[in-house]
$ cat data04.cif   # mmCIF, C-alpha atoms
data_final
#
loop_
_atom_site.label_atom_id
_atom_site.label_comp_id
_atom_site.auth_asym_id
_atom_site.auth_seq_id
_atom_site.Cartn_x
_atom_site.Cartn_y
_atom_site.Cartn_z
CA VAL I 1 -12.74 15.54 -5.13
CA ARG I 2 -13.01 15.58 -1.38
CA ILE I 3 -10.01 15.91 0.92
CA ASP I 4 -10.39 15.33 4.63
CA HIS I 5 -7.64 15.43 7.24
CA PHE I 6 -7.48 13.01 10.16
CA ASP I 7 -4.89 13.18 12.94
CA VAL I 8 -3.46 9.70 12.35
CA GLN I 9 -0.02 9.11 13.84
CA HIS I 10 2.83 8.50 11.38
CA ASP I 11 6.49 8.54 12.42
CA GLU I 12 7.60 10.39 9.27
CA PHE I 13 4.73 12.73 8.43
CA ASN I 14 2.67 13.19 11.61
CA PRO I 15 4.63 12.00 14.66
CA THR I 16 2.34 13.80 17.12
CA GLY I 17 -0.86 12.33 15.65
CA THR I 18 -3.46 11.23 18.16
CA ILE I 19 -4.98 8.25 16.31
CA SER I 20 -3.18 4.91 15.94
CA PRO I 21 -2.86 3.88 12.27
CA THR I 22 -4.17 0.39 13.03
CA GLU I 23 -7.17 1.67 14.98
CA PHE I 24 -8.28 4.39 12.59
CA ARG I 25 -11.74 3.78 11.17
CA ILE I 26 -12.37 5.72 7.98
CA PRO I 27 -15.53 7.68 8.88
CA TYR I 28 -17.54 7.22 5.68
CA ASP I 29 -20.62 5.16 4.95
CA GLU I 30 -20.14 1.51 4.15
CA ARG I 31 -20.52 0.45 0.52
CA SER I 32 -20.80 4.07 -0.61
CA TYR I 33 -17.95 4.39 -3.12
CA ASP I 34 -17.43 2.97 -6.60
CA ILE I 35 -13.67 3.45 -6.43
CA VAL I 36 -11.05 4.24 -3.81
CA ILE I 37 -7.66 5.50 -5.00
CA CYS I 38 -4.53 5.48 -2.82
CA LEU I 39 -1.51 6.93 -4.59
CA GLY I 40 1.80 7.20 -2.75
CA VAL I 41 0.29 6.00 0.52
CA PHE I 42 1.31 2.38 1.06
CA ASN I 43 4.97 3.01 0.27
CA HIS I 44 5.08 4.88 3.61
CA PHE I 45 3.25 2.24 5.68
CA ARG I 46 4.25 -0.69 7.82
CA GLN I 47 2.76 -4.04 6.79
CA LYS I 48 0.09 -4.08 9.51
CA TRP I 49 -0.99 -0.54 8.62
CA ALA I 50 -1.35 -1.44 4.94
CA SER I 51 -3.42 -4.51 5.82
CA HIS I 52 -5.66 -2.42 8.06
CA TYR I 53 -6.28 0.19 5.35
CA ILE I 54 -7.00 -2.46 2.72
CA ARG I 55 -9.66 -3.89 5.05
CA GLU I 56 -11.04 -0.41 5.72
CA THR I 57 -11.34 0.43 2.01
CA SER I 58 -13.14 -2.86 1.43
CA ARG I 59 -15.77 -1.77 3.91
CA LEU I 60 -16.34 1.45 1.94
CA ILE I 61 -16.49 0.12 -1.60
CA LYS I 62 -19.74 -0.93 -3.26
CA PRO I 63 -20.06 -4.46 -4.64
CA LYS I 64 -18.11 -4.68 -7.90
CA GLY I 65 -16.30 -1.43 -7.04
CA TYR I 66 -12.56 -0.93 -7.43
CA PHE I 67 -9.54 -0.21 -5.28
CA PHE I 68 -6.60 1.36 -7.12
CA SER I 69 -3.29 1.81 -5.36
CA THR I 70 0.41 2.24 -5.82
CA MET I 71 2.84 0.28 -3.67
CA ILE I 72 6.41 -0.99 -3.56
CA LEU I 73 6.15 -4.77 -3.42
CA LEU I 74 8.70 -7.35 -2.37
CA ASN I 75 8.65 -10.56 -4.39
CA SER I 76 11.35 -12.86 -5.75
CA TYR I 77 12.00 -10.60 -8.76
CA SER I 78 12.14 -7.29 -6.87
CA ILE I 79 14.27 -8.79 -4.08
CA ALA I 80 16.74 -10.07 -6.70
CA GLN I 81 16.85 -6.60 -8.25
CA ILE I 82 17.45 -4.97 -4.85
CA ASN I 83 20.21 -7.47 -4.02
CA ALA I 84 21.86 -6.92 -7.43
CA GLY I 85 21.79 -3.12 -6.95
CA ASN I 86 19.47 -2.63 -9.93
CA THR I 87 16.77 -0.57 -8.23
CA GLU I 88 16.35 3.11 -8.92
CA LYS I 89 17.14 5.72 -6.29
CA PRO I 90 15.92 6.13 -3.62
CA PHE I 91 14.77 2.50 -3.52
CA LYS I 92 17.83 0.76 -2.07
CA PHE I 93 16.26 -0.70 1.13
CA ALA I 94 19.18 -1.22 3.49
CA VAL I 95 16.99 -2.02 6.52
CA ARG I 96 15.11 -5.29 6.22
CA ASP I 97 12.56 -6.92 8.50
CA THR I 98 9.31 -8.85 8.21
CA ASP I 99 7.21 -5.68 8.47
CA GLY I 100 8.72 -4.21 5.32
CA TRP I 101 12.07 -3.03 4.03
CA SER I 102 13.12 0.60 4.37
CA GLN I 103 15.93 2.88 3.31
CA SER I 104 17.42 3.68 6.70
CA ASN I 105 16.98 3.37 10.44
CA ASP I 106 16.88 7.18 10.71
CA ARG I 107 13.76 7.49 8.54
CA PRO I 108 12.19 4.02 8.38
CA LEU I 109 8.92 5.17 6.79
CA LEU I 110 10.33 7.47 4.13
CA ASN I 111 10.10 4.64 1.57
CA VAL I 112 8.92 1.17 2.46
CA ALA I 113 8.75 -2.00 0.37
CA LEU I 114 6.14 -4.47 1.60
CA PRO I 115 6.05 -8.26 1.18
CA GLU I 116 3.63 -9.04 -1.64
CA ILE I 117 2.28 -12.41 -0.46
CA PRO I 118 0.83 -11.17 2.89
CA LEU I 119 -0.80 -8.24 1.07
CA ARG I 120 -2.34 -10.59 -1.48
CA ARG I 121 -3.80 -12.60 1.41
CA THR I 122 -5.22 -9.42 2.93
CA PHE I 123 -6.87 -8.48 -0.36
CA ILE I 124 -8.49 -11.93 -0.60
CA ARG I 125 -9.65 -11.94 3.03
CA SER I 126 -11.10 -8.45 2.50
CA GLY I 127 -13.29 -9.59 -0.39
CA TYR I 128 -11.12 -8.26 -3.20
CA MET I 129 -9.99 -9.95 -6.38
CA ILE I 130 -6.72 -8.50 -7.69
CA GLN I 131 -7.07 -7.68 -11.35
CA GLU I 132 -4.00 -9.44 -12.65
CA PRO I 133 -1.42 -8.70 -13.58
CA ILE I 134 -0.06 -6.39 -10.94
CA ARG I 135 1.76 -3.70 -12.93
CA TYR I 136 5.25 -3.68 -11.44
CA GLY I 137 7.04 -0.34 -11.50
CA GLN I 138 10.26 1.14 -12.78
CA TRP I 139 11.70 1.22 -9.25
CA CYS I 140 12.75 -2.45 -9.59
CA HIS I 141 14.17 -2.28 -13.11
CA ASN I 142 11.01 -3.34 -14.94
CA ASP I 143 11.23 -2.40 -18.61
CA LEU I 144 7.45 -2.78 -19.05
CA ALA I 145 6.54 -0.43 -16.21
CA LEU I 146 3.76 2.11 -16.53
CA THR I 147 5.04 4.24 -13.64
CA GLY I 148 7.65 4.33 -10.90
CA HIS I 149 5.68 2.37 -8.29
CA ASP I 150 3.87 -0.93 -8.54
CA ILE I 151 0.17 -0.62 -9.40
CA VAL I 152 -2.45 -2.85 -7.80
CA ILE I 153 -6.05 -2.81 -9.02
CA ALA I 154 -8.54 -4.90 -7.07
CA LYS I 155 -12.25 -5.45 -7.58
CA LYS I 156 -14.69 -5.96 -4.74
CA GLY I 157 -16.05 -9.45 -5.19
CA TRP I 158 -19.61 -9.03 -3.93
#
$ encode --input "data04.cif" --output "structure tokens"
Amino acid sequence: VRIDHFDVQHDEFNPTGTISPTEFRIPYDERSYDIVICLGVFNHFRQKWASHYIRETSRLIKPKGYFFSTMILLNSYSIAQINAGNTEKPFKFAVRDTDGWSQSNDRPLLNVALPEIPLRRTFIRSGYMIQEPIRYGQWCHNDLALTGHDIVIAKKGW
């Protein structure tokens, strides 16, 4: 396991960061990894940040390699669960916009739910094939969940 720190700006976790999240280039060799794992990352990102990082990971993964991530995805089912008050704490998402839904205006990146369809498009445009089904999490009242967050596994197509 290798852990590197980069001074990427994030309103919640690194507000004084010097690198824009949409301009950060992950400084590793292209096509050098069999798998990239992002756990608990995308549920703190704005939509455009998530799309940027999906594209960046695609650049790093070898052909036929995998991208494994957890997210909180907005789709017709999860939106209905949110609106019905059936989501688990802290996933209530009172603040809603096209860049993702968040818990509050005070801490907009503490937990973020991202629209699923634009992310699916980003995966496709980045050369990934999502390994269906997406495993939806307990957060949105899914009795078949494997974990709290949604799990997305994607394979690099070439």
$ resolve_selection --input "data04.cif" --expression "the PyMOL selection byres ((chain I and resi 143-157) around 8)" --output "PyMOL selection string"
chain I and resi 58+61-73+123+127-132+134-139+141-142+158
$ resolve_selection --input "data04.cif" --expression "the PyMOL selection byres ((chain I and resi 56) around 12)" --output "PyMOL selection string"
chain I and resi 21-31+36+49-55+57-61+67+122-123+125-128
$ closest_residue --input "data04.cif" --among "I:Ile35, I:Cys140, I:Val41, I:Leu119" --to "Asn83 (chain I)" --atoms "all atoms listed in the file"
I:Cys140
$ residues_around --input "data04.cif" --residues "Asp7 (chain I)" --least-positions-apart "5" --cutoff "10 Å" --atoms "only C-alpha atoms" --output "VMD selection string"
chain I and resid 14 to 21 24
$ write_last_selection --input "data04.cif" --atoms "C-alpha atoms" --output "PDB file, keeping the file's coordinate frame"
ATOM      1  CA  ASN I  14       2.670  13.190  11.610  1.00  0.00           C
ATOM      2  CA  PRO I  15       4.630  12.000  14.660  1.00  0.00           C
ATOM      3  CA  THR I  16       2.340  13.800  17.120  1.00  0.00           C
ATOM      4  CA  GLY I  17      -0.860  12.330  15.650  1.00  0.00           C
ATOM      5  CA  THR I  18      -3.460  11.230  18.160  1.00  0.00           C
ATOM      6  CA  ILE I  19      -4.980   8.250  16.310  1.00  0.00           C
ATOM      7  CA  SER I  20      -3.180   4.910  15.940  1.00  0.00           C
ATOM      8  CA  PRO I  21      -2.860   3.880  12.270  1.00  0.00           C
ATOM      9  CA  PHE I  24      -8.280   4.390  12.590  1.00  0.00           C
TER      10      PHE I  24
END
$ atom_distance --input "data04.cif" --atom1 "CA of Asp4 (chain I)" --atom2 "CA of Ile37 (chain I)"
14.0 Å
$ resolve_selection --input "data04.cif" --expression "the PyMOL selection byres ((chain I and resi 75) around 8)" --output "list in words"
Leu73, Leu74, Ser76, Tyr77, Ser78, Ile79, Pro115, Glu116 and Ile117 of chain I
$ atom_distance --input "data04.cif" --atom1 "CA of Pro133 (chain I)" --atom2 "CA of Leu114 (chain I)"
17.5 Å
$ atom_distance --input "data04.cif" --atom1 "CA of Glu12 (chain I)" --atom2 "CA of Leu109 (chain I)"
5.9 Å
$ residues_around --input "data04.cif" --residues "His44 (chain I)" --least-positions-apart "2" --cutoff "8 Å" --atoms "only C-alpha atoms" --output "PyMOL selection string"
chain I and resi 40-42+46+109-112
$ decode --input "data04.cif" --residues "region 103-117 of chain I" --atoms "all heavy atoms" --output "tab-separated table (two decimals), in the first residue's frame"
chain	number	residue	atom	x	y	z
I	103	GLN	N	-26.17	17.66	2.59
I	103	GLN	CA	-26.92	17.71	3.85
I	103	GLN	C	-27.31	19.12	4.26
I	103	GLN	O	-28.39	19.34	4.77
I	103	GLN	CB	-26.08	17.10	4.97
I	103	GLN	CG	-25.97	15.61	4.87
I	103	GLN	CD	-25.08	15.08	5.96
I	103	GLN	OE1	-24.25	14.26	5.66
I	103	GLN	NE2	-25.22	15.50	7.18
I	104	SER	N	-26.38	20.07	4.09
I	104	SER	CA	-26.64	21.42	4.58
I	104	SER	C	-25.83	22.44	3.81
I	104	SER	O	-24.82	22.10	3.19
I	104	SER	CB	-26.31	21.52	6.07
I	104	SER	OG	-24.91	21.50	6.27
I	105	ASN	N	-26.26	23.68	3.88
I	105	ASN	CA	-25.48	24.77	3.28
I	105	ASN	C	-24.22	25.05	4.07
I	105	ASN	O	-23.23	25.53	3.51
I	105	ASN	CB	-26.33	26.05	3.20
I	105	ASN	CG	-27.34	25.99	2.07
I	105	ASN	OD1	-27.05	25.50	1.00
I	105	ASN	ND2	-28.54	26.48	2.33
I	106	ASP	N	-24.24	24.77	5.38
I	106	ASP	CA	-23.07	25.04	6.23
I	106	ASP	C	-21.88	24.14	5.89
I	106	ASP	O	-20.74	24.57	5.97
I	106	ASP	CB	-23.44	24.85	7.70
I	106	ASP	CG	-24.47	25.84	8.18
I	106	ASP	OD1	-24.63	26.91	7.53
I	106	ASP	OD2	-25.13	25.56	9.19
I	107	ARG	N	-22.17	22.89	5.54
I	107	ARG	CA	-21.11	21.93	5.22
I	107	ARG	C	-21.51	21.15	3.96
I	107	ARG	O	-21.83	19.96	4.03
I	107	ARG	CB	-20.90	21.00	6.40
I	107	ARG	CG	-20.46	21.74	7.66
I	107	ARG	CD	-20.27	20.83	8.82
I	107	ARG	NE	-19.04	20.06	8.66
I	107	ARG	CZ	-18.69	19.08	9.48
I	107	ARG	NH1	-19.46	18.74	10.50
I	107	ARG	NH2	-17.56	18.42	9.30
I	108	PRO	N	-21.48	21.80	2.81
I	108	PRO	CA	-22.02	21.19	1.60
I	108	PRO	C	-21.28	19.95	1.10
I	108	PRO	O	-21.83	19.19	0.31
I	108	PRO	CB	-21.97	22.32	0.57
I	108	PRO	CG	-20.94	23.26	1.09
I	108	PRO	CD	-21.00	23.15	2.59
I	109	LEU	N	-20.05	19.73	1.54
I	109	LEU	CA	-19.30	18.58	1.06
I	109	LEU	C	-19.11	17.50	2.12
I	109	LEU	O	-18.34	16.56	1.92
I	109	LEU	CB	-17.94	19.02	0.51
I	109	LEU	CG	-18.01	19.95	-0.71
I	109	LEU	CD1	-16.63	20.40	-1.12
I	109	LEU	CD2	-18.72	19.26	-1.86
I	110	LEU	N	-19.85	17.62	3.22
I	110	LEU	CA	-19.73	16.60	4.26
I	110	LEU	C	-20.24	15.26	3.74
I	110	LEU	O	-19.60	14.22	3.90
I	110	LEU	CB	-20.50	17.01	5.52
I	110	LEU	CG	-20.38	16.03	6.68
I	110	LEU	CD1	-18.93	15.86	7.11
I	110	LEU	CD2	-21.22	16.52	7.85
I	111	ASN	N	-21.40	15.25	3.11
I	111	ASN	CA	-21.93	14.08	2.41
I	111	ASN	C	-22.66	14.57	1.18
I	111	ASN	O	-23.52	15.43	1.27
I	111	ASN	CB	-22.90	13.29	3.30
I	111	ASN	CG	-22.16	12.45	4.32
I	111	ASN	OD1	-21.36	11.61	3.96
I	111	ASN	ND2	-22.42	12.71	5.59
I	112	VAL	N	-22.29	14.01	0.04
I	112	VAL	CA	-22.86	14.46	-1.23
I	112	VAL	C	-23.40	13.25	-2.00
I	112	VAL	O	-22.73	12.22	-2.10
I	112	VAL	CB	-21.79	15.17	-2.10
I	112	VAL	CG1	-22.38	15.62	-3.42
I	112	VAL	CG2	-21.18	16.35	-1.34
I	113	ALA	N	-24.60	13.39	-2.52
I	113	ALA	CA	-25.18	12.40	-3.43
I	113	ALA	C	-25.09	12.96	-4.84
I	113	ALA	O	-25.48	14.10	-5.08
I	113	ALA	CB	-26.62	12.12	-3.04
I	114	LEU	N	-24.57	12.16	-5.76
I	114	LEU	CA	-24.33	12.62	-7.12
I	114	LEU	C	-25.30	11.97	-8.10
I	114	LEU	O	-25.61	10.78	-7.97
I	114	LEU	CB	-22.89	12.29	-7.54
I	114	LEU	CG	-21.80	12.94	-6.69
I	114	LEU	CD1	-20.44	12.41	-7.09
I	114	LEU	CD2	-21.85	14.46	-6.83
I	115	PRO	N	-25.74	12.72	-9.11
I	115	PRO	CA	-26.63	12.14	-10.12
I	115	PRO	C	-25.94	10.98	-10.86
I	115	PRO	O	-24.83	11.13	-11.36
I	115	PRO	CB	-26.91	13.32	-11.07
I	115	PRO	CG	-26.62	14.54	-10.26
I	115	PRO	CD	-25.52	14.15	-9.31
I	116	GLU	N	-26.61	9.85	-10.91
I	116	GLU	CA	-26.02	8.65	-11.49
I	116	GLU	C	-25.81	8.73	-13.00
I	116	GLU	O	-24.76	8.31	-13.50
I	116	GLU	CB	-26.91	7.44	-11.16
I	116	GLU	CG	-26.37	6.14	-11.67
I	116	GLU	CD	-27.20	4.96	-11.26
I	116	GLU	OE1	-27.80	4.96	-10.16
I	116	GLU	OE2	-27.27	4.01	-12.06
I	117	ILE	N	-26.77	9.25	-13.74
I	117	ILE	CA	-26.68	9.25	-15.20
I	117	ILE	C	-25.45	10.00	-15.71
I	117	ILE	O	-24.70	9.46	-16.54
I	117	ILE	CB	-27.98	9.78	-15.84
I	117	ILE	CG1	-29.16	8.87	-15.48
I	117	ILE	CG2	-27.83	9.95	-17.35
I	117	ILE	CD1	-29.01	7.43	-15.94
